[in-house]
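Take a look at the structure set out below.
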Amino acid sequence: QLRRAKLRVEKAIKEKKIFAVQGPYPVIRHLLRARGWVERKLPLNGKQLKQQAGNQKKRQVGKRASSGGEPLHHPQPHNKKNKGEGEDEYKKEDKEQCSEDSDDIHDLMSFLVQDQVPNFLWTIRLNTVDQDLLQRIEVVNRYPRLHALCTKEGLCQSLQNLSWFDQVDLNTFFPRCYRLGNMEEQEAFIEDFRLTAARNLLKLALEKFGDRPVGTEQPPTSSKVPAPKAPLPQGDSLLWPQRWHKSHVSHPMPSTAWPGSPLYPHLVEEALEVCEQHLGVLGHEDIDRETPSPCRTCIAWDRFLQEYYHVAHEGAGLVLSRKQREQCQDLLQRLGEQLPQLGIEGNLNVWILKPSAKSRGRGIVCSTRLEDVLELSRSCTAPSARVSEWVVQKYVEQPLTIFDTKFDIRQWFVVTDWKPLTVWFYRDCYLRFCSQPFSLRRLEPARHLCNVSIQKRYKTSQPDPRVPPDKIWSNKQFQAYLARLGRADAWHRVMVPGMKAAILNALRCAQDQVGSRKGSFELFGADFLIGEDCQPWLLEINSCPTMRPSSAVTRRLCANVQRDTLRLVLDRKDNPNCAIGAFELLYKEAAVPTCLHVGLKLMVEGYSLKKP
């Protein structure tokens, strides 16, 4: 066995087929071994990978191998107290995978190449790898400095520069987003929240229309008259993660106001005035104004918002005349021509707050009240506008649902070069379902956060048995569902082109801020929500997306995308026409010739023409 191991190692060194894997990637390990690659195993205890120097170490390893001693990198036992989400789960799975091969020839070959620089590295994070060694590895699956793309704060900031790269409206694919640690953006959010409340009020008013005032319908015949609803505690509008398991606030629609509930005859008129002023701003009618925007000063906003809360969340009534109804319809139509996100806003003014650099749905809260959002922002306002702990984003209140259940889409793509930008789109993806039916009346995560790590905490409680019990669908299943609805072309004509455009826009905005390294590549996972009109909305982009299968669908698709990624980054180097599975070239930037600024010889030499 030792002789066979040495022969395979010598061949791998000669062909530059030494690899290292760090993290829960048994599929990558298996695929590379099947290709004749030899692994230099990494420690599992979180220490940095450092190049072992000197033949003395190698001789010690050889003696240990021939005498049947312990492996050099024996799996370290994990502290049970520290088990949980994140690294510990990854280490546990990797430990289990490595223990399967603890006695086979791969361990022996790993000993023999422990002083070799890997030619290929697939790691879960770069900061655990010795930087001197990292510079010598030819192919690495990660890029440094991805903050501008793969954090919520960074993506929010970088996308604001989209107009410098393309004539595309950011609001057509990315829900409005603000960094609460930046005071200018916080002020912009406050104004946005107020304006959205005014638009929502017009929508609420139109839900009941006619000559009689909204909310003055007679209650059903009964010996008992329902009592007016008491105002909701403000604290219940902000749903903190530690309280997700408790009962949550119901938000009844203000369709009927019973006797005793307040009526606000002035509220619709104020909302009409605000929206009219906002249309003027959108039409640049205020371009020469030196005073603050009229949208900030035309009404008493604190009172307006409190009365809006009563209408939107507590069922208070409105007074609406026929003339006001026509004005509402006209204004909303004109606003819809200016505001691409009017169709996803709904009428409850729900906003979602996200920690800037956390993943897997951790720390996310939802709020319907401005004062609660601002209270949170006061605790995280940073002295520098470049640092922000939280972002607040408009919640998509009118998503496309399947069997009345919210879902999102995890879409993979690979960047093989940043200069010139080269992007590959993966044609297969998967849907992630929530555990309970979608409802804006209850804001618990089981209904609103599609992350697998969140939903696995909840038992599926669905009135519709067609919702998959493992809460995962493939894109093929989704396409079949759309076909049954008569919308078969929506996937290829609307959703896929929209996702491709959003990914490319995000990459171009972050391109100059990402650490580019020749020979590197990265597999990313973008999360999209689909609106009722089938328009995709980009939520975030994840570096190092999970490859841990949570269902039969993800077990197949995750294995496929890893296999095809290796084909793309390894096989295509030698054969540009090789099979690359479900990947397709999304974009390749035209190479810009390098200009030499020094050492140019600008003198022109020549000879005079002579007559023949």
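In the structure tokens, each chain is lettered A, B, ... as it comes, each chain's residues begin at 1, and ligands are numbered from 1 in order of appearance.
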What residues in region 102-222 of chain A get the DSSP label strand (DSSP E)? Please answer as a PyMOL selection string.
chain A and resi 120-123+139-140+177-179
Just the residues within 7 Å of region 551-554 of chain A, please, counting only C-alpha atoms, with nothing from its chain fewer than 3 positions along; format it as an MDAnalysis selection string.
chainID A and resid 470 472:474 557:558
Find the residues of region 501-588 of chain A that sit at most 9 Å from region 18-35 of chain A; for each, write down the nearest two atoms and how far apart they are in Å, to one decimal. Count only C-alpha atoms. Sort by chain, then by number going up, and give it as a Markdown table.
| residue | atom | partner | partner_atom | distance |
| --- | --- | --- | --- | --- |
| A:Thr546 | CA | A:Pro24 | CA | 8.9 |
| A:Met547 | CA | A:Tyr25 | CA | 7.2 |
| A:Arg548 | CA | A:Pro24 | CA | 7.6 |
| A:Cys558 | CA | A:Val27 | CA | 8.9 |
| A:Ala559 | CA | A:Val27 | CA | 6.4 |
| A:Gln562 | CA | A:Ile28 | CA | 6.6 |
| A:Arg563 | CA | A:Leu31 | CA | 7.0 |
| A:Leu566 | CA | A:Ile28 | CA | 8.2 |
Can those selected residues be exported to a file as a PDB file, in the first residue's frame so that it contains all heavy atoms?
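Now in again.pdb:
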ATOM      1  N   THR A 546     -24.133  27.676   1.518  1.00  0.00           N
ATOM      2  CA  THR A 546     -24.109  26.347   2.113  1.00  0.00           C
ATOM      3  C   THR A 546     -24.282  25.264   1.055  1.00  0.00           C
ATOM      4  O   THR A 546     -25.062  25.402   0.114  1.00  0.00           O
ATOM      5  CB  THR A 546     -25.211  26.210   3.179  1.00  0.00           C
ATOM      6  OG1 THR A 546     -25.161  24.887   3.730  1.00  0.00           O
ATOM      7  CG2 THR A 546     -26.588  26.437   2.581  1.00  0.00           C
ATOM      8  N   MET A 547     -23.534  24.211   1.225  1.00  0.00           N
ATOM      9  CA  MET A 547     -23.659  23.023   0.383  1.00  0.00           C
ATOM     10  C   MET A 547     -24.183  21.839   1.188  1.00  0.00           C
ATOM     11  O   MET A 547     -24.157  20.706   0.724  1.00  0.00           O
ATOM     12  CB  MET A 547     -22.305  22.666  -0.229  1.00  0.00           C
ATOM     13  CG  MET A 547     -21.810  23.664  -1.263  1.00  0.00           C
ATOM     14  SD  MET A 547     -22.770  23.628  -2.790  1.00  0.00           S
ATOM     15  CE  MET A 547     -23.433  25.284  -2.824  1.00  0.00           C
ATOM     16  N   ARG A 548     -24.684  22.131   2.368  1.00  0.00           N
ATOM     17  CA  ARG A 548     -25.223  21.060   3.203  1.00  0.00           C
ATOM     18  C   ARG A 548     -26.641  20.751   2.749  1.00  0.00           C
ATOM     19  O   ARG A 548     -27.516  21.600   2.810  1.00  0.00           O
ATOM     20  CB  ARG A 548     -25.229  21.478   4.664  1.00  0.00           C
ATOM     21  CG  ARG A 548     -23.856  21.824   5.216  1.00  0.00           C
ATOM     22  CD  ARG A 548     -23.933  22.114   6.693  1.00  0.00           C
ATOM     23  NE  ARG A 548     -24.325  20.928   7.433  1.00  0.00           N
ATOM     24  CZ  ARG A 548     -24.664  20.940   8.727  1.00  0.00           C
ATOM     25  NH1 ARG A 548     -24.671  22.074   9.379  1.00  0.00           N
ATOM     26  NH2 ARG A 548     -24.986  19.828   9.346  1.00  0.00           N
ATOM     27  N   CYS A 558     -26.970  20.542  -5.009  1.00  0.00           N
ATOM     28  CA  CYS A 558     -25.691  20.978  -4.429  1.00  0.00           C
ATOM     29  C   CYS A 558     -24.535  20.133  -4.945  1.00  0.00           C
ATOM     30  O   CYS A 558     -23.446  20.649  -5.215  1.00  0.00           O
ATOM     31  CB  CYS A 558     -25.753  20.935  -2.899  1.00  0.00           C
ATOM     32  SG  CYS A 558     -26.810  22.213  -2.173  1.00  0.00           S
ATOM     33  N   ALA A 559     -24.750  18.834  -5.082  1.00  0.00           N
ATOM     34  CA  ALA A 559     -23.708  17.979  -5.649  1.00  0.00           C
ATOM     35  C   ALA A 559     -23.431  18.355  -7.096  1.00  0.00           C
ATOM     36  O   ALA A 559     -22.273  18.405  -7.532  1.00  0.00           O
ATOM     37  CB  ALA A 559     -24.116  16.508  -5.529  1.00  0.00           C
ATOM     38  N   GLN A 562     -21.426  21.710  -7.435  1.00  0.00           N
ATOM     39  CA  GLN A 562     -20.016  21.536  -7.077  1.00  0.00           C
ATOM     40  C   GLN A 562     -19.255  20.808  -8.185  1.00  0.00           C
ATOM     41  O   GLN A 562     -18.134  21.183  -8.533  1.00  0.00           O
ATOM     42  CB  GLN A 562     -19.913  20.779  -5.746  1.00  0.00           C
ATOM     43  CG  GLN A 562     -20.413  21.584  -4.561  1.00  0.00           C
ATOM     44  CD  GLN A 562     -20.399  20.775  -3.271  1.00  0.00           C
ATOM     45  OE1 GLN A 562     -19.392  20.680  -2.576  1.00  0.00           O
ATOM     46  NE2 GLN A 562     -21.536  20.173  -2.954  1.00  0.00           N
ATOM     47  N   ARG A 563     -19.871  19.776  -8.738  1.00  0.00           N
ATOM     48  CA  ARG A 563     -19.241  19.056  -9.846  1.00  0.00           C
ATOM     49  C   ARG A 563     -19.016  19.976 -11.045  1.00  0.00           C
ATOM     50  O   ARG A 563     -17.927  20.004 -11.634  1.00  0.00           O
ATOM     51  CB  ARG A 563     -20.140  17.889 -10.255  1.00  0.00           C
ATOM     52  CG  ARG A 563     -19.641  17.070 -11.449  1.00  0.00           C
ATOM     53  CD  ARG A 563     -20.788  16.322 -12.087  1.00  0.00           C
ATOM     54  NE  ARG A 563     -21.785  17.242 -12.623  1.00  0.00           N
ATOM     55  CZ  ARG A 563     -23.069  16.929 -12.818  1.00  0.00           C
ATOM     56  NH1 ARG A 563     -23.516  15.726 -12.523  1.00  0.00           N
ATOM     57  NH2 ARG A 563     -23.905  17.829 -13.319  1.00  0.00           N
ATOM     58  N   LEU A 566     -16.177  22.550 -10.582  1.00  0.00           N
ATOM     59  CA  LEU A 566     -14.851  21.995 -10.838  1.00  0.00           C
ATOM     60  C   LEU A 566     -14.593  21.859 -12.332  1.00  0.00           C
ATOM     61  O   LEU A 566     -13.477  22.114 -12.811  1.00  0.00           O
ATOM     62  CB  LEU A 566     -14.710  20.636 -10.148  1.00  0.00           C
ATOM     63  CG  LEU A 566     -14.674  20.650  -8.610  1.00  0.00           C
ATOM     64  CD1 LEU A 566     -14.500  19.231  -8.073  1.00  0.00           C
ATOM     65  CD2 LEU A 566     -13.556  21.544  -8.101  1.00  0.00           C
TER      66      LEU A 566
END
Taking only C-alpha atoms into account, name the residue in A:Glu605, A:Asp404, A:Glu269, A:Asp372 that is nearest to Gln436 (chain A).
A:Asp404
Work out how far apart CA of Ser377 (chain A) and CA of Trp390 (chain A) are and give it in Å to one decimal.
7.5 Å
Could you give me, as CSV, every region 391-466 of chain A residue with an atom at most 7 Å from region 519-532 of chain A, plus its closest atom pair and distance in Å to one decimal, counting only C-alpha atoms, rows ordered by chain then number?
residue,atom,partner,partner_atom,distance
A:Gln398,CA,A:Glu532,CA,6.3
A:Pro399,CA,A:Gly531,CA,4.3
A:Leu400,CA,A:Glu532,CA,4.3
A:Asp408,CA,A:Leu529,CA,4.8
A:Ile409,CA,A:Phe528,CA,5.1
A:Arg410,CA,A:Asp527,CA,4.8
A:Gln411,CA,A:Ala526,CA,5.1
A:Trp412,CA,A:Gly525,CA,4.5
A:Phe413,CA,A:Phe524,CA,5.4
A:Val414,CA,A:Leu523,CA,4.5
A:Val415,CA,A:Glu522,CA,5.5
A:Thr416,CA,A:Phe521,CA,4.4
A:Asp417,CA,A:Phe521,CA,6.6
Residue subset to file, keeping N, CA and C atoms, as a short mmCIF file (atom, residue, chain, number, x, y, z; two decimals), in the first residue's frame:
data_model
loop_
_atom_site.label_atom_id
_atom_site.label_comp_id
_atom_site.auth_asym_id
_atom_site.auth_seq_id
_atom_site.Cartn_x
_atom_site.Cartn_y
_atom_site.Cartn_z
N GLN A 398 -46.37 42.17 -1.03
CA GLN A 398 -47.21 41.46 -2.00
C GLN A 398 -46.35 40.52 -2.84
N PRO A 399 -45.80 39.48 -2.21
CA PRO A 399 -44.99 38.52 -2.97
C PRO A 399 -45.87 37.50 -3.68
N LEU A 400 -45.28 36.85 -4.65
CA LEU A 400 -45.93 35.68 -5.23
C LEU A 400 -45.85 34.56 -4.21
N ASP A 408 -38.64 31.91 -1.33
CA ASP A 408 -37.63 32.67 -2.05
C ASP A 408 -36.81 31.70 -2.89
N ILE A 409 -35.90 32.24 -3.68
CA ILE A 409 -35.11 31.43 -4.62
C ILE A 409 -33.63 31.61 -4.30
N ARG A 410 -32.91 30.51 -4.17
CA ARG A 410 -31.46 30.53 -4.05
C ARG A 410 -30.87 30.25 -5.44
N GLN A 411 -30.20 31.25 -5.99
CA GLN A 411 -29.66 31.17 -7.35
C GLN A 411 -28.14 31.26 -7.30
N TRP A 412 -27.46 30.26 -7.89
CA TRP A 412 -26.00 30.23 -7.88
C TRP A 412 -25.42 30.93 -9.10
N PHE A 413 -24.24 31.47 -8.92
CA PHE A 413 -23.44 31.96 -10.04
C PHE A 413 -21.97 31.95 -9.61
N VAL A 414 -21.08 31.92 -10.58
CA VAL A 414 -19.64 31.86 -10.32
C VAL A 414 -18.96 33.04 -11.00
N VAL A 415 -18.05 33.67 -10.27
CA VAL A 415 -17.17 34.69 -10.85
C VAL A 415 -15.78 34.07 -10.99
N THR A 416 -15.30 33.98 -12.21
CA THR A 416 -13.97 33.40 -12.44
C THR A 416 -12.90 34.47 -12.63
N ASP A 417 -13.32 35.71 -12.77
CA ASP A 417 -12.35 36.81 -12.90
C ASP A 417 -13.08 38.11 -12.64
#
Closest of A:Ala300, A:Ala446, A:Met109, A:Val569 to Arg4 (chain A), counting only C-alpha atoms, is A:Met109
Write down as a PyMOL selection string the residues belonging to region 467-510 of chain A that are assigned helix (DSSP H, G or I) by DSSP computed on the backbone.
chain A and resi 475-484+490-510
Grab the residues selected above and save them as a compact mmCIF listing (two decimals), in the first residue's frame with C-alpha atoms.
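Written file, part21.txt:
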# COMPACT_ATOMS: atom_id res chain seq x y z
CA ASN A 475 -36.81 25.18 -10.33
CA LYS A 476 -38.20 22.38 -12.52
CA GLN A 477 -41.01 21.81 -10.04
CA PHE A 478 -41.64 25.55 -9.94
CA GLN A 479 -41.82 25.73 -13.73
CA ALA A 480 -44.34 22.89 -13.76
CA TYR A 481 -46.41 24.77 -11.18
CA LEU A 482 -46.34 27.93 -13.30
CA ALA A 483 -47.41 25.92 -16.35
CA ARG A 484 -50.47 24.65 -14.48
CA ALA A 490 -42.88 33.62 -16.86
CA TRP A 491 -39.78 31.70 -15.78
CA HIS A 492 -37.73 32.14 -18.95
CA ARG A 493 -39.15 35.51 -20.04
CA VAL A 494 -39.36 37.40 -16.75
CA MET A 495 -37.75 35.69 -13.77
CA VAL A 496 -34.48 34.37 -15.20
CA PRO A 497 -33.66 37.54 -17.20
CA GLY A 498 -34.49 39.62 -14.13
CA MET A 499 -32.22 37.56 -11.88
CA LYS A 500 -29.38 37.71 -14.39
CA ALA A 501 -29.68 41.48 -14.73
CA ALA A 502 -29.78 42.02 -10.95
CA ILE A 503 -26.71 39.83 -10.36
CA LEU A 504 -24.73 41.58 -13.07
CA ASN A 505 -25.70 45.04 -11.79
CA ALA A 506 -24.57 44.13 -8.28
CA LEU A 507 -21.25 42.71 -9.51
CA ARG A 508 -20.45 45.72 -11.65
CA CYS A 509 -21.11 48.09 -8.74
CA ALA A 510 -18.83 46.12 -6.39
